[in-house]
Amino acid sequence: MMNIRIGDIVRFLTEKLEGKVTGITDNKTVQVYIDEYGFEIPASIHDLVVIRSDFTQSDKLPASDTKIHPAQKTVTIESANTVYLAIVPDNFNNLPDSRYELFIVNDTAQTCLYSVAFRKNNQYTGILAGNCSPGNVSSIGLYTLKEIDTNIQAISIQAIFFQKGITLLKKAVEAELKLNAVNLCKTGAYKHTRWFNSISVLYPLDKENLITTKEIDGKQLREAMKEKQTSGEYTPRRPQKQITGNIIEIDLHSNEVLETTAGMDNKDILEYQLDVFRKTMDEYKLRKGQKIVFIHGKGDGILRQRLIWELQTKYKRHNHQDASFKQYGYGATMVTIK
């Protein structure tokens, strides 16, 4: 019987992919970070095999703490036993204009007593203090990119830990992290975690995690992004749309949505394909009963995984299913607008 734990390196049985387990959704599903693409995808434990684990036999929980299900793998939720600063954008599709909520994430078995201060130049401003119960999050505040650039050159967090009764002492945490627009607008830094419904970035506070990229203000960032979009790094192509009866077909293959992929890595291509998908969903969101087939191909399964995740979260009010196997094989998903 095999346990899949946070931190395990796993290989997919049905796809040519490997990744690291970063979260547990339930006893059948885990989140796997794919380094090649820079984000997480949900995966069934039945589709994974552990190829490397940092846990030894002595790290395992007693049998009474692990639910055993005959003829299937078991999943044991392991804590990273640390505290994080989490940053959650409210508009991942437009990071420069998004607002960002900052959180303390207590991934320990003890209550975290914390204080937060912002640093600008050499002056510190106390923001708040409080406590965060085990396995929970506490909000620090919601800020625009301009506010972060202008008022929060760095965030300083101090934390101590408490558990009533017999306990193991845990070292206090003191960390200072620099924040800037460049890093917050890197889409590859964000992933899905068990603490938030939306995508987020986490910085553990018990190790050095200073962000050293040169800081620029929001205006400079927007100008840089406009230059990138007009510099010819990639040339968009109007997605091919075929209408058959009440079904609209959108082919998301890279050669159909882009004139050229020169200068683009896998993450850039994938993000552009997803942008075409989102724009199509927004275009037809009020047309009840409309059926849309998104042709994504089988490939390595990443595009399909991301489409399904977005349909199950952002567009969950609409129905989705595999499109006709006879016509598309495993390479398409059909959405019915509700």
# chains A, B, ... in the order shown; residues from 1 in each chain; ligands from 1

call {"tool": "residues_around", "arguments": {"residues": "segment 81-91 of chain A", "least_positions_apart": "2", "cutoff": "8 Å", "atoms": "only C-alpha atoms", "output": "number ranges by chain"}}
result
A: 79, 93-95, 97-109, 198-206

call {"tool": "atom_distance", "arguments": {"atom1": "atom CA of Phe92 of chain A", "atom2": "atom CA of Ile24 of chain A"}}
result
22.6 Å

call {"tool": "residues_around", "arguments": {"residues": "Ile292 of chain A", "least_positions_apart": "4", "cutoff": "8 Å", "atoms": "only C-alpha atoms", "output": "VMD selection string"}}
result
chain A and resid 247 to 250 334 to 336

call {"tool": "residues_around", "arguments": {"residues": "Ser44 of chain A", "least_positions_apart": "6", "cutoff": "8 Å", "atoms": "only C-alpha atoms", "output": "list in words"}}
result
Lys28, Thr29 and Val30 of chain A

call {"tool": "residues_around", "arguments": {"residues": "Glu271 of chain A", "least_positions_apart": "4", "cutoff": "10 Å", "atoms": "only C-alpha atoms", "output": "ChimeraX atom specification"}}
result
/A:37,93,187-188,266-267,275-277,303,306

call {"tool": "write_last_selection", "arguments": {"atoms": "N, CA, C and O atoms", "output": "compact mmCIF listing (two decimals), in the first residue's frame"}}
result
# COMPACT_ATOMS: atom_id res chain seq x y z
N TYR A 37 5.86 23.83 -16.69
CA TYR A 37 4.83 24.81 -17.01
C TYR A 37 4.67 25.88 -15.94
O TYR A 37 4.07 26.92 -16.17
N ASN A 93 -6.18 37.36 -14.50
CA ASN A 93 -6.09 37.58 -15.94
C ASN A 93 -5.56 38.97 -16.30
O ASN A 93 -5.24 39.23 -17.45
N THR A 187 3.15 35.48 -14.03
CA THR A 187 2.07 34.51 -13.90
C THR A 187 2.57 33.14 -13.46
O THR A 187 1.87 32.40 -12.77
N GLY A 188 3.81 32.79 -13.84
CA GLY A 188 4.33 31.48 -13.49
C GLY A 188 4.58 31.29 -12.02
O GLY A 188 4.77 30.17 -11.55
N ASN A 266 6.77 27.21 -23.45
CA ASN A 266 5.52 26.46 -23.28
C ASN A 266 4.50 27.22 -22.43
O ASN A 266 3.30 27.19 -22.71
N LYS A 267 4.97 27.90 -21.39
CA LYS A 267 4.05 28.64 -20.51
C LYS A 267 3.39 29.79 -21.25
O LYS A 267 2.20 30.05 -21.05
N ASP A 275 -6.22 32.23 -22.75
CA ASP A 275 -6.83 33.55 -22.94
C ASP A 275 -7.88 33.49 -24.05
O ASP A 275 -8.94 34.10 -23.93
N VAL A 276 -7.59 32.73 -25.12
CA VAL A 276 -8.58 32.55 -26.19
C VAL A 276 -9.81 31.84 -25.62
O VAL A 276 -10.96 32.21 -25.92
N PHE A 277 -9.60 30.81 -24.81
CA PHE A 277 -10.71 30.09 -24.19
C PHE A 277 -11.56 31.04 -23.33
O PHE A 277 -12.80 31.05 -23.44
N LEU A 303 -3.11 21.39 -21.39
CA LEU A 303 -4.16 22.34 -21.80
C LEU A 303 -5.52 21.82 -21.37
O LEU A 303 -6.34 22.58 -20.82
N ARG A 306 -6.01 22.28 -17.60
CA ARG A 306 -6.29 23.66 -17.21
C ARG A 306 -7.70 24.09 -17.62
O ARG A 306 -8.37 24.81 -16.87

call {"tool": "select_by_dssp", "arguments": {"residues": "segment 92-172 of chain A", "states": "strand (DSSP E)", "output": "PyMOL selection string"}}
result
chain A and resi 99-107+111-120+123-132+137-144+154-162

call {"tool": "atom_distance", "arguments": {"atom1": "atom CA of Ala80 of chain A", "atom2": "atom CA of Lys314 of chain A"}}
result
28.2 Å
